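S.K.: Data file data06.cif (mmCIF, C-alpha atoms) is appended below.
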```
data_upload
#
loop_
_atom_site.label_atom_id
_atom_site.label_comp_id
_atom_site.auth_asym_id
_atom_site.auth_seq_id
_atom_site.Cartn_x
_atom_site.Cartn_y
_atom_site.Cartn_z
CA MET A 1 0.00 0.00 0.00
CA LYS A 2 1.62 3.24 -1.18
CA ARG A 3 1.18 6.33 0.98
CA ILE A 4 0.36 9.42 -1.10
CA GLY A 5 0.28 13.04 -0.03
CA PHE A 6 -1.75 15.69 -1.85
CA ILE A 7 -0.63 19.31 -1.87
CA GLY A 8 -3.80 21.05 -2.99
CA TYR A 9 -7.00 19.06 -3.34
CA GLY A 10 -9.00 20.85 -6.01
CA LEU A 11 -10.80 19.78 -9.17
CA ARG A 12 -7.77 18.20 -10.85
CA SER A 13 -6.83 16.21 -7.75
CA GLU A 14 -10.43 14.98 -7.46
CA THR A 15 -10.44 13.95 -11.13
CA MET A 16 -7.25 11.95 -10.80
CA MET A 17 -8.57 10.22 -7.68
CA LYS A 18 -11.48 9.00 -9.83
CA SER A 19 -8.90 7.39 -12.10
CA PHE A 20 -7.08 5.78 -9.17
CA ARG A 21 -10.41 4.40 -7.94
CA SER A 22 -11.33 3.03 -11.36
CA LEU A 23 -7.98 1.21 -11.44
CA GLU A 24 -8.44 -0.07 -7.88
CA ALA A 25 -5.04 1.43 -7.16
CA ASP A 26 -3.21 0.06 -4.15
CA ILE A 27 -2.72 3.46 -2.53
CA THR A 28 -3.92 5.31 0.51
CA VAL A 29 -4.12 9.09 0.89
CA ALA A 30 -1.96 9.55 3.95
CA ALA A 31 -2.15 13.34 4.08
CA VAL A 32 -3.66 16.37 2.34
CA ALA A 33 -2.48 19.96 2.62
CA ASP A 34 -5.05 22.54 1.55
CA PRO A 35 -6.13 25.81 3.20
CA ARG A 36 -9.74 24.69 2.63
CA HIS A 37 -9.26 21.41 4.49
CA ALA A 38 -12.13 22.08 6.91
CA GLU A 39 -14.51 22.32 3.92
CA ILE A 40 -13.06 19.39 1.97
CA ALA A 41 -12.60 16.71 4.65
CA PRO A 42 -16.30 16.19 5.55
CA GLY A 43 -17.15 15.42 1.91
CA LEU A 44 -14.66 12.55 1.89
CA ALA A 45 -15.87 10.91 5.08
CA GLY A 46 -16.46 7.24 4.42
CA ASP A 47 -14.13 7.10 1.39
CA PRO A 48 -11.76 4.19 2.07
CA TYR A 49 -8.89 5.95 0.30
CA PHE A 50 -9.18 8.75 2.90
CA ALA A 51 -9.88 6.55 5.92
CA HIS A 52 -6.64 7.50 7.70
CA THR A 53 -5.88 10.87 6.10
CA ARG A 54 -4.29 13.62 8.15
CA TRP A 55 -5.25 17.12 7.07
CA TYR A 56 -2.96 20.14 7.01
CA ALA A 57 -3.44 23.79 6.18
CA ASP A 58 0.24 24.14 5.28
CA ALA A 59 2.19 22.06 2.74
CA ASP A 60 5.52 22.52 4.50
CA GLU A 61 4.07 20.93 7.64
CA LEU A 62 2.85 17.97 5.61
CA LEU A 63 6.22 17.40 3.95
CA ALA A 64 8.06 17.74 7.25
CA GLY A 65 5.73 15.51 9.22
CA GLU A 66 4.79 12.63 6.91
CA ALA A 67 6.62 9.55 5.63
CA LEU A 68 5.33 9.35 2.06
CA ASP A 69 5.91 7.18 -1.00
CA GLY A 70 4.85 9.90 -3.42
CA VAL A 71 3.37 13.39 -3.67
CA PHE A 72 0.66 14.83 -5.89
CA ILE A 73 0.81 18.61 -6.50
CA GLY A 74 -2.56 20.05 -7.49
CA THR A 75 -2.31 23.63 -6.27
CA ARG A 76 -2.92 26.76 -8.29
CA CYS A 77 -0.37 27.21 -11.06
CA SER A 78 1.91 29.77 -9.43
CA LEU A 79 2.77 27.27 -6.68
CA HIS A 80 3.61 24.28 -8.89
CA THR A 81 7.30 25.07 -9.21
CA PRO A 82 8.19 25.90 -5.58
CA TYR A 83 6.48 22.78 -4.23
CA ALA A 84 7.86 20.60 -7.02
CA CYS A 85 11.39 21.73 -6.21
CA ARG A 86 10.84 20.87 -2.56
CA VAL A 87 9.57 17.37 -3.40
CA LEU A 88 12.37 16.77 -5.90
CA ASP A 89 14.91 17.74 -3.25
CA MET A 90 13.37 15.07 -0.99
CA GLY A 91 13.80 12.47 -3.75
CA LEU A 92 10.12 11.47 -3.76
CA PRO A 93 8.11 10.36 -6.82
CA LEU A 94 5.98 13.28 -7.95
CA PHE A 95 2.76 13.85 -9.89
CA LEU A 96 2.88 17.47 -11.06
CA GLU A 97 -0.10 19.29 -12.50
CA LYS A 98 0.59 21.43 -15.57
CA PRO A 99 1.90 23.99 -16.27
CA VAL A 100 5.10 23.00 -14.54
CA CYS A 101 6.03 26.68 -14.21
CA ILE A 102 4.60 30.06 -15.23
CA THR A 103 7.67 32.34 -15.44
CA ARG A 104 11.18 32.07 -16.84
CA PRO A 105 12.81 32.27 -13.37
CA GLN A 106 10.56 29.40 -12.25
CA TYR A 107 11.58 27.44 -15.35
CA GLU A 108 15.27 27.81 -14.50
CA GLN A 109 14.65 26.92 -10.86
CA LEU A 110 12.74 23.77 -11.80
CA ARG A 111 15.23 22.74 -14.49
CA ARG A 112 18.09 22.85 -11.98
CA ALA A 113 16.09 21.00 -9.30
CA ALA A 114 15.06 18.28 -11.77
CA ALA A 115 18.52 17.40 -13.09
CA ASP A 116 18.70 13.59 -13.45
CA LYS A 117 15.29 13.22 -11.78
CA GLU A 118 12.99 13.93 -14.72
CA LYS A 119 11.76 10.34 -15.04
CA GLN A 120 10.50 10.18 -11.46
CA VAL A 121 8.00 12.97 -12.22
CA VAL A 122 4.67 12.41 -13.98
CA VAL A 123 3.49 15.65 -15.57
CA SER A 124 -0.25 15.92 -16.07
CA PHE A 125 -0.30 15.65 -19.87
CA PRO A 126 -3.21 13.22 -20.44
CA LEU A 127 -3.57 14.01 -24.14
CA ARG A 128 -0.21 12.42 -25.03
CA LEU A 129 -1.36 9.17 -23.38
CA SER A 130 -4.85 9.06 -24.86
CA SER A 131 -5.45 6.04 -27.13
CA ILE A 132 -6.02 8.25 -30.16
CA THR A 133 -2.68 10.01 -29.68
CA LEU A 134 -0.87 6.72 -29.15
CA GLU A 135 -2.34 5.41 -32.41
CA MET A 136 -1.25 8.59 -34.20
CA LYS A 137 2.25 8.00 -32.79
CA ARG A 138 2.20 4.44 -34.15
CA ILE A 139 1.20 5.75 -37.59
CA VAL A 140 3.94 8.40 -37.62
CA ASP A 141 6.60 5.97 -36.41
CA SER A 142 5.59 3.37 -39.02
CA GLY A 143 6.92 5.65 -41.75
CA VAL A 144 3.75 5.58 -43.89
CA LEU A 145 3.65 9.39 -43.90
CA GLY A 146 7.24 9.71 -45.05
CA ARG A 147 9.22 12.63 -43.66
CA LEU A 148 7.07 15.09 -41.72
CA THR A 149 7.05 18.61 -43.17
CA MET A 150 4.24 20.42 -41.33
CA VAL A 151 1.82 20.22 -38.43
CA GLN A 152 -1.48 22.13 -38.48
CA ALA A 153 -3.05 22.09 -35.00
CA VAL A 154 -6.18 23.65 -33.55
CA ASN A 155 -7.93 23.93 -30.20
CA ASN A 156 -11.38 25.51 -30.36
CA VAL A 157 -12.52 25.40 -26.73
CA PRO A 158 -16.31 25.02 -26.36
CA TYR A 159 -16.24 25.71 -22.60
CA GLY A 160 -14.25 28.93 -22.88
CA SER A 161 -16.17 30.91 -20.25
CA VAL A 162 -14.37 28.82 -17.58
CA TYR A 163 -11.29 30.97 -18.23
CA TYR A 164 -13.16 34.21 -17.49
CA HIS A 165 -15.63 33.22 -14.72
CA SER A 166 -13.12 31.92 -12.19
CA TRP A 167 -9.58 32.37 -10.87
CA TYR A 168 -8.33 31.19 -14.28
CA ARG A 169 -8.99 34.75 -15.48
CA ASP A 170 -5.92 35.98 -13.60
CA PRO A 171 -2.81 35.56 -15.80
CA ALA A 172 -0.61 36.33 -12.80
CA GLU A 173 -1.89 33.06 -11.32
CA THR A 174 -2.02 30.92 -14.47
CA GLY A 175 0.75 32.40 -16.63
CA GLY A 176 -1.80 33.06 -19.37
CA LEU A 177 -3.61 30.77 -21.76
CA PHE A 178 -0.53 29.54 -23.60
CA LEU A 179 0.65 27.93 -20.37
CA GLN A 180 -2.86 27.01 -19.29
CA LYS A 181 -4.13 25.41 -22.52
CA ALA A 182 -1.56 25.32 -25.33
CA THR A 183 0.89 23.51 -23.07
CA HIS A 184 -1.12 20.28 -23.65
CA ASP A 185 -1.14 20.66 -27.42
CA ILE A 186 2.51 21.60 -27.71
CA ASP A 187 3.30 18.51 -25.66
CA TYR A 188 1.39 16.05 -27.82
CA ILE A 189 2.89 17.62 -30.97
CA HIS A 190 6.38 17.23 -29.49
CA PHE A 191 5.49 13.64 -28.59
CA LEU A 192 4.19 12.80 -32.08
CA THR A 193 6.95 14.45 -34.09
CA GLY A 194 9.89 13.77 -31.77
CA GLU A 195 11.12 17.32 -32.44
CA ARG A 196 11.41 20.30 -30.12
CA PRO A 197 10.33 23.75 -31.29
CA VAL A 198 13.37 26.03 -31.66
CA SER A 199 11.76 29.34 -32.63
CA VAL A 200 8.34 30.94 -32.38
CA CYS A 201 6.20 33.89 -33.33
CA ALA A 202 2.76 34.46 -31.83
CA LYS A 203 -0.20 36.82 -31.76
CA THR A 204 -3.08 36.97 -29.29
CA ALA A 205 -6.42 38.78 -29.50
CA LYS A 206 -9.17 39.74 -27.06
CA LEU A 207 -12.33 40.41 -29.06
CA HIS A 208 -15.22 38.81 -27.16
CA PHE A 209 -14.47 38.37 -23.47
CA LYS A 210 -13.98 42.06 -22.74
CA GLY A 211 -16.16 45.00 -21.78
CA ASP A 212 -16.82 47.95 -19.56
CA ARG A 213 -18.77 46.32 -16.74
CA PRO A 214 -17.28 47.26 -13.38
CA ALA A 215 -14.33 45.28 -12.06
CA GLY A 216 -15.30 42.77 -9.40
CA LEU A 217 -18.84 42.30 -10.75
CA HIS A 218 -20.40 38.86 -10.23
CA CYS A 219 -23.12 37.41 -12.44
CA PRO A 220 -25.87 37.17 -9.77
CA ASP A 221 -25.44 40.90 -9.08
CA CYS A 222 -25.93 41.88 -12.73
CA PRO A 223 -29.34 42.85 -14.23
CA ASP A 224 -28.54 40.59 -17.22
CA TYR A 225 -27.98 37.53 -15.04
CA ARG A 226 -30.62 35.38 -16.76
CA THR A 227 -30.09 36.66 -20.31
CA CYS A 228 -26.36 37.29 -20.79
CA PRO A 229 -25.04 34.48 -23.05
CA GLU A 230 -21.96 34.06 -20.84
CA SER A 231 -23.54 34.40 -17.40
CA SER A 232 -23.08 31.59 -14.91
CA TYR A 233 -26.88 31.14 -14.93
CA VAL A 234 -27.06 30.62 -18.71
CA VAL A 235 -23.98 28.38 -18.76
CA LYS A 236 -25.47 26.13 -16.08
CA ASN A 237 -29.18 26.15 -16.87
CA ILE A 238 -29.40 26.82 -20.61
CA LEU A 239 -26.14 25.44 -22.01
CA LYS A 240 -26.14 22.66 -19.36
CA GLU A 241 -22.40 22.94 -18.76
CA ASP A 242 -20.23 23.00 -15.64
CA VAL A 243 -19.79 26.35 -13.94
CA GLN A 244 -16.45 27.08 -12.29
CA GLY A 245 -17.21 30.60 -11.06
CA ASP A 246 -19.51 33.58 -11.49
CA SER A 247 -17.26 36.58 -12.15
CA CYS A 248 -18.48 38.75 -15.01
CA CYS A 249 -16.96 37.79 -18.38
CA PHE A 250 -17.47 41.34 -19.69
CA ALA A 251 -16.02 43.28 -16.77
CA ALA A 252 -12.95 45.49 -16.97
CA ASP A 253 -10.91 42.88 -15.07
CA THR A 254 -11.63 39.74 -17.14
CA GLY A 255 -7.96 39.14 -18.03
CA ASN A 256 -6.86 36.54 -20.60
CA GLU A 257 -6.96 36.78 -24.38
CA ASP A 258 -9.70 34.81 -26.17
CA GLY A 259 -7.77 33.77 -29.27
CA ALA A 260 -4.18 33.11 -30.33
CA SER A 261 -2.16 31.98 -33.33
CA VAL A 262 1.38 30.61 -33.13
CA ILE A 263 4.01 29.45 -35.62
CA PHE A 264 6.87 27.26 -34.42
CA THR A 265 9.86 25.95 -36.33
CA THR A 266 11.62 22.77 -35.25
CA GLU A 267 15.16 21.49 -35.43
CA SER A 268 14.56 19.98 -38.90
CA GLY A 269 12.90 23.13 -40.26
CA MET A 270 9.38 21.68 -39.99
CA LEU A 271 6.63 24.27 -39.47
CA ILE A 272 4.01 23.93 -36.76
CA SER A 273 0.97 26.22 -36.79
CA TYR A 274 -1.31 26.25 -33.75
CA ASN A 275 -4.52 28.19 -33.15
CA GLN A 276 -6.63 28.31 -30.02
CA ASN A 277 -9.99 30.03 -29.59
CA PHE A 278 -12.26 30.36 -26.54
CA VAL A 279 -15.39 31.81 -28.16
CA VAL A 280 -16.93 28.71 -29.81
CA LYS A 281 -19.76 26.68 -28.25
CA LYS A 282 -21.10 23.14 -28.33
CA SER A 283 -20.43 21.16 -31.53
CA ALA A 284 -18.03 23.82 -32.84
CA GLY A 285 -15.41 22.46 -30.44
CA ARG A 286 -12.33 21.01 -32.15
CA ARG A 287 -9.03 19.76 -30.80
CA GLY A 288 -6.45 17.95 -32.84
CA ALA A 289 -3.97 18.26 -35.68
CA ARG A 290 -3.03 17.28 -39.21
CA LEU A 291 0.49 15.94 -39.69
CA ILE A 292 1.66 16.31 -43.29
CA GLY A 293 4.43 14.11 -44.62
CA THR A 294 6.09 13.51 -47.96
CA GLU A 295 4.13 10.29 -48.60
CA GLY A 296 0.86 10.86 -46.76
CA SER A 297 -0.95 12.85 -44.12
CA ALA A 298 -2.85 11.94 -40.98
CA GLU A 299 -5.30 14.07 -39.01
CA PHE A 300 -7.19 13.47 -35.80
CA ASP A 301 -9.70 15.18 -33.54
CA PHE A 302 -10.34 14.36 -29.89
CA TYR A 303 -13.98 15.48 -30.09
CA THR A 304 -14.94 13.43 -33.15
CA ALA A 305 -12.70 10.59 -31.89
CA GLU A 306 -11.43 9.85 -35.39
CA ILE A 307 -8.14 9.56 -37.24
CA ARG A 308 -8.02 9.90 -41.03
CA VAL A 309 -4.95 8.73 -42.95
CA ASP A 310 -4.53 9.70 -46.62
CA ARG A 311 -1.87 8.06 -48.78
CA TYR A 312 -0.60 10.05 -51.77
CA LEU A 313 0.48 7.28 -54.15
CA SER A 314 -2.43 4.90 -53.73
CA PRO A 315 -6.22 5.49 -53.80
CA GLN A 316 -6.50 4.84 -50.10
CA THR A 317 -8.02 6.65 -47.15
CA VAL A 318 -8.22 4.87 -43.79
CA THR A 319 -10.41 6.07 -40.92
CA HIS A 320 -9.91 4.94 -37.33
CA LYS A 321 -12.80 5.40 -34.88
CA PHE A 322 -12.28 5.47 -31.10
CA ASN A 323 -14.63 5.01 -28.16
CA PHE A 324 -13.46 7.15 -25.28
CA PRO A 325 -14.74 6.79 -21.72
CA ALA A 326 -16.86 9.72 -20.56
CA GLY A 327 -14.67 12.58 -19.35
CA MET A 328 -11.21 11.69 -18.07
CA HIS A 329 -9.44 13.57 -20.90
CA PHE A 330 -10.34 11.02 -23.61
CA GLY A 331 -8.96 8.16 -21.52
CA GLY A 332 -5.67 9.89 -20.82
CA ASP A 333 -6.24 10.39 -17.10
CA GLU A 334 -6.30 6.66 -16.38
CA MET A 335 -3.07 6.27 -18.33
CA LEU A 336 -1.53 9.05 -16.23
CA ALA A 337 -2.65 7.28 -13.09
CA LEU A 338 -1.00 4.07 -14.33
CA ASP A 339 2.13 6.09 -15.11
CA PHE A 340 2.26 7.38 -11.53
CA LEU A 341 1.71 3.91 -10.09
CA ARG A 342 4.61 2.72 -12.26
CA VAL A 343 6.87 5.47 -10.87
CA LEU A 344 5.83 4.61 -7.31
CA ASP A 345 7.03 1.07 -8.01
CA GLY A 346 10.42 2.30 -9.21
CA GLY A 347 9.67 2.62 -12.94
CA GLU A 348 9.98 5.63 -15.24
CA ALA A 349 7.30 8.07 -16.32
CA ARG A 350 6.23 8.32 -19.97
CA SER A 351 4.83 11.83 -19.46
CA ASP A 352 7.88 13.05 -17.59
CA LEU A 353 9.31 16.37 -16.49
CA SER A 354 11.59 16.74 -19.49
CA ALA A 355 8.41 16.89 -21.61
CA GLY A 356 6.91 19.39 -19.18
CA LEU A 357 9.95 21.64 -19.49
CA VAL A 358 9.92 21.52 -23.31
CA SER A 359 6.28 22.57 -23.37
CA ALA A 360 6.79 25.27 -20.73
CA ALA A 361 9.79 26.78 -22.54
CA SER A 362 7.81 26.86 -25.78
CA CYS A 363 4.79 28.52 -24.12
CA LEU A 364 6.93 31.08 -22.29
CA ALA A 365 8.63 31.97 -25.57
CA ALA A 366 5.27 32.24 -27.37
CA ARG A 367 4.00 34.60 -24.67
CA GLN A 368 7.13 36.72 -25.00
CA ALA A 369 6.98 36.66 -28.81
CA ASP A 370 3.42 38.01 -28.67
CA ALA A 371 4.42 40.75 -26.22
CA GLU A 372 7.42 41.81 -28.30
CA GLY A 373 5.90 41.27 -31.75
CA ARG A 374 8.81 39.32 -33.18
CA PHE A 375 10.19 35.85 -33.87
CA LEU A 376 12.15 34.47 -30.90
CA SER A 377 14.50 31.58 -30.35
CA ILE A 378 13.36 29.14 -27.67
CA GLU A 379 15.87 28.73 -24.87
CA TYR A 380 15.95 25.39 -23.09
#
```
Just give me the structure as C-alpha cells.
M.R.:
Amino acid sequence: MKRIGFIGYGLRSETMMKSFRSLEADITVAAVADPRHAEIAPGLAGDPYFAHTRWYADADELLAGEALDGVFIGTRCSLHTPYACRVLDMGLPLFLEKPVCITRPQYEQLRRAAADKEKQVVVSFPLRLSSITLEMKRIVDSGVLGRLTMVQAVNNVPYGSVYYHSWYRDPAETGGLFLQKATHDIDYIHFLTGERPVSVCAKTAKLHFKGDRPAGLHCPDCPDYRTCPESSYVVKNILKEDVQGDSCCFAADTGNEDGASVIFTTESGMLISYNQNFVVKKSAGRRGARLIGTEGSAEFDFYTAEIRVDRYLSPQTVTHKFNFPAGMHFGGDEMLALDFLRVLDGGEARSDLSAGLVSAASCLAARQADAEGRFLSIEY
C-alpha cells in the first residue's frame, strides 16, 4: 500500500482520484495539505482511500511531518514550481499538474532542481497518453507518412467561459492561456513528431471576453444575469455545462486573451501552426492536428474521436474510430494514473518532467513573442 500526499486538493486532484479508484489502485491518501481542508474533509468521510488521512493547512508541515511514498501537487499554477522543487529535493516520486512553471525564473529553478530526476515525475499531460494520440504515434513511427514537413493544429474550446468566470482569469496566477491550454497541445505535438520547437512567433487577441462592466462584478449581481449568453446562470441552466465561477466575463478585469495563433519551427525546419480560440460553443469544439508528410498525411480530432490517414500514391483513405470513456481527458487520465503507479514502483514516467519543461519553454517563448511582436528563439 503506497502512501500518497496531496498538496492542494481541487478539481484536478479529485479527477485523478477517480482514475485511481477506477484502477483499484493500491494506494492510501496519507495526508492532504489545503487551506480549505475544513470544507473538503467532511465530503470525503467514508471514502476508504481517505480513511486515515491527516489534514494540514500548510504544505511545508505535511512534507516535514509525513513519511510518504509519493506526492501529488494540485495547487494553483503559481505554486507548482516551488512545491515541485521541494519534493524533488526530498527524492520522492511526484505527480505534477501542468503547467510545470509560469515564469522564466521558475523554469530555470525547476530545471536545476530536476537534473537527473525527470523520469520520477509524472506531468499531467493526459492528451499524449490518450489512445487516439498513441495510435497517431504508431502511424507516424511506421513511416507511412514519409518525412514530416508540417503540423497544423487547432484547439477551439467550447467551454471557454471557464477561463473568465473563475480564478483562471488571472494571468498572474495561471501564466496566461498559452501555459494554461496550449501547453497540452505543444506537448502532444512534441510527442508525435519527436522534435522540439526552436523558434516561435505568436499573436493573441481579445475580441469577445472584454467589456466595460465594473471590475469585481459577479453574475448574480448583474441585471442581465438570466439573459447574458456568458452568465453563470445561462452556462449552467441553458447550455447545461459546468460552472467554475460567477465573475463577469465582460467586466474590466476579465484578463486573458480569447484567441491566439502561433508558428513554431523545429530542429529539422518543420513548421508547426497552432490556433486556439475560446469563443466557440457546443459542436463547434475542435481539438487535434493534421500531420503532413512527404508520402501521406494523418489528421485526428479528440472530439470526433477519429483519425483519417490519406496516402498520396495509392487510392487509399483509412479512418480509425475510437470510443473514449466519458470525461477523463479522452482516456488519458487513467493512463496518467498508471504512469504514476509505475513510478511509485520504481519505474519511469512516460509523461515526464523533461516533456513538461519543453512545453513550458515553448509557451513562455510564445508569450514573450506576442508581447514583443517578433520571432524568438526558444531557450531550453
S.K.: Mind working out the centre and edge lengths of an axis-aligned box for range 354-367 of chain A, all listed atoms inside, 6 Å added to each side, rounded to one decimal in Å and written as lines of an AutoDock Vina configuration file?
M.R.:
```
center_x = 7.8
center_y = 25.7
center_z = -23.3
size_x = 19.6
size_y = 29.9
size_z = 20.2
```
S.K.: Evaluate the PyMOL selection byres ((chain A and resi 254-269) around 7) on the structure here and hand back the selected residues as a compact mmCIF listing (two decimals) with C-alpha atoms, in the frame of the given file.
M.R.:
```
# COMPACT_ATOMS: atom_id res chain seq x y z
CA TYR A 164 -13.16 34.21 -17.49
CA ARG A 169 -8.99 34.75 -15.48
CA ASP A 170 -5.92 35.98 -13.60
CA PRO A 171 -2.81 35.56 -15.80
CA GLY A 176 -1.80 33.06 -19.37
CA LEU A 177 -3.61 30.77 -21.76
CA GLU A 195 11.12 17.32 -32.44
CA ARG A 196 11.41 20.30 -30.12
CA PRO A 197 10.33 23.75 -31.29
CA VAL A 198 13.37 26.03 -31.66
CA SER A 199 11.76 29.34 -32.63
CA VAL A 200 8.34 30.94 -32.38
CA CYS A 201 6.20 33.89 -33.33
CA ALA A 202 2.76 34.46 -31.83
CA LYS A 203 -0.20 36.82 -31.76
CA THR A 204 -3.08 36.97 -29.29
CA ALA A 205 -6.42 38.78 -29.50
CA LYS A 206 -9.17 39.74 -27.06
CA LEU A 207 -12.33 40.41 -29.06
CA HIS A 208 -15.22 38.81 -27.16
CA PHE A 209 -14.47 38.37 -23.47
CA LYS A 210 -13.98 42.06 -22.74
CA CYS A 249 -16.96 37.79 -18.38
CA PHE A 250 -17.47 41.34 -19.69
CA ALA A 251 -16.02 43.28 -16.77
CA ALA A 252 -12.95 45.49 -16.97
CA ASP A 253 -10.91 42.88 -15.07
CA MET A 270 9.38 21.68 -39.99
CA LEU A 271 6.63 24.27 -39.47
CA ILE A 272 4.01 23.93 -36.76
CA SER A 273 0.97 26.22 -36.79
CA TYR A 274 -1.31 26.25 -33.75
CA ASN A 275 -4.52 28.19 -33.15
CA GLN A 276 -6.63 28.31 -30.02
CA ASN A 277 -9.99 30.03 -29.59
CA PHE A 278 -12.26 30.36 -26.54
CA VAL A 279 -15.39 31.81 -28.16
```
S.K.: Between A:Gly5, A:Pro35, A:Gly46, A:Gly346, which is the closest to Leu68 in chain A once you count all atoms listed in the file?
M.R.: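 For Leu68 in chain A, the nearest of the candidates is A:Gly5.
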S.K.: How many Å separate CA of Asp301 in chain A from CA of Gln180 in chain A?
M.R.: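 Going from CA of Asp301 in chain A over to CA of Gln180 in chain A covers 19.7 Å.
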S.K.: Which residues fall under the PyMOL selection byres ((chain A and resi 312) around 10) in this file, as a PDB file with C-alpha atoms, in the coordinates of the input?
M.R.:
```
ATOM      1  CA  LEU A 145       3.650   9.390 -43.900  1.00  0.00           C
ATOM      2  CA  GLY A 293       4.430  14.110 -44.620  1.00  0.00           C
ATOM      3  CA  THR A 294       6.090  13.510 -47.960  1.00  0.00           C
ATOM      4  CA  GLU A 295       4.130  10.290 -48.600  1.00  0.00           C
ATOM      5  CA  GLY A 296       0.860  10.860 -46.760  1.00  0.00           C
ATOM      6  CA  SER A 297      -0.950  12.850 -44.120  1.00  0.00           C
ATOM      7  CA  VAL A 309      -4.950   8.730 -42.950  1.00  0.00           C
ATOM      8  CA  ASP A 310      -4.530   9.700 -46.620  1.00  0.00           C
ATOM      9  CA  ARG A 311      -1.870   8.060 -48.780  1.00  0.00           C
ATOM     10  CA  LEU A 313       0.480   7.280 -54.150  1.00  0.00           C
ATOM     11  CA  SER A 314      -2.430   4.900 -53.730  1.00  0.00           C
ATOM     12  CA  PRO A 315      -6.220   5.490 -53.800  1.00  0.00           C
ATOM     13  CA  GLN A 316      -6.500   4.840 -50.100  1.00  0.00           C
ATOM     14  CA  THR A 317      -8.020   6.650 -47.150  1.00  0.00           C
TER      15      THR A 317
END
```
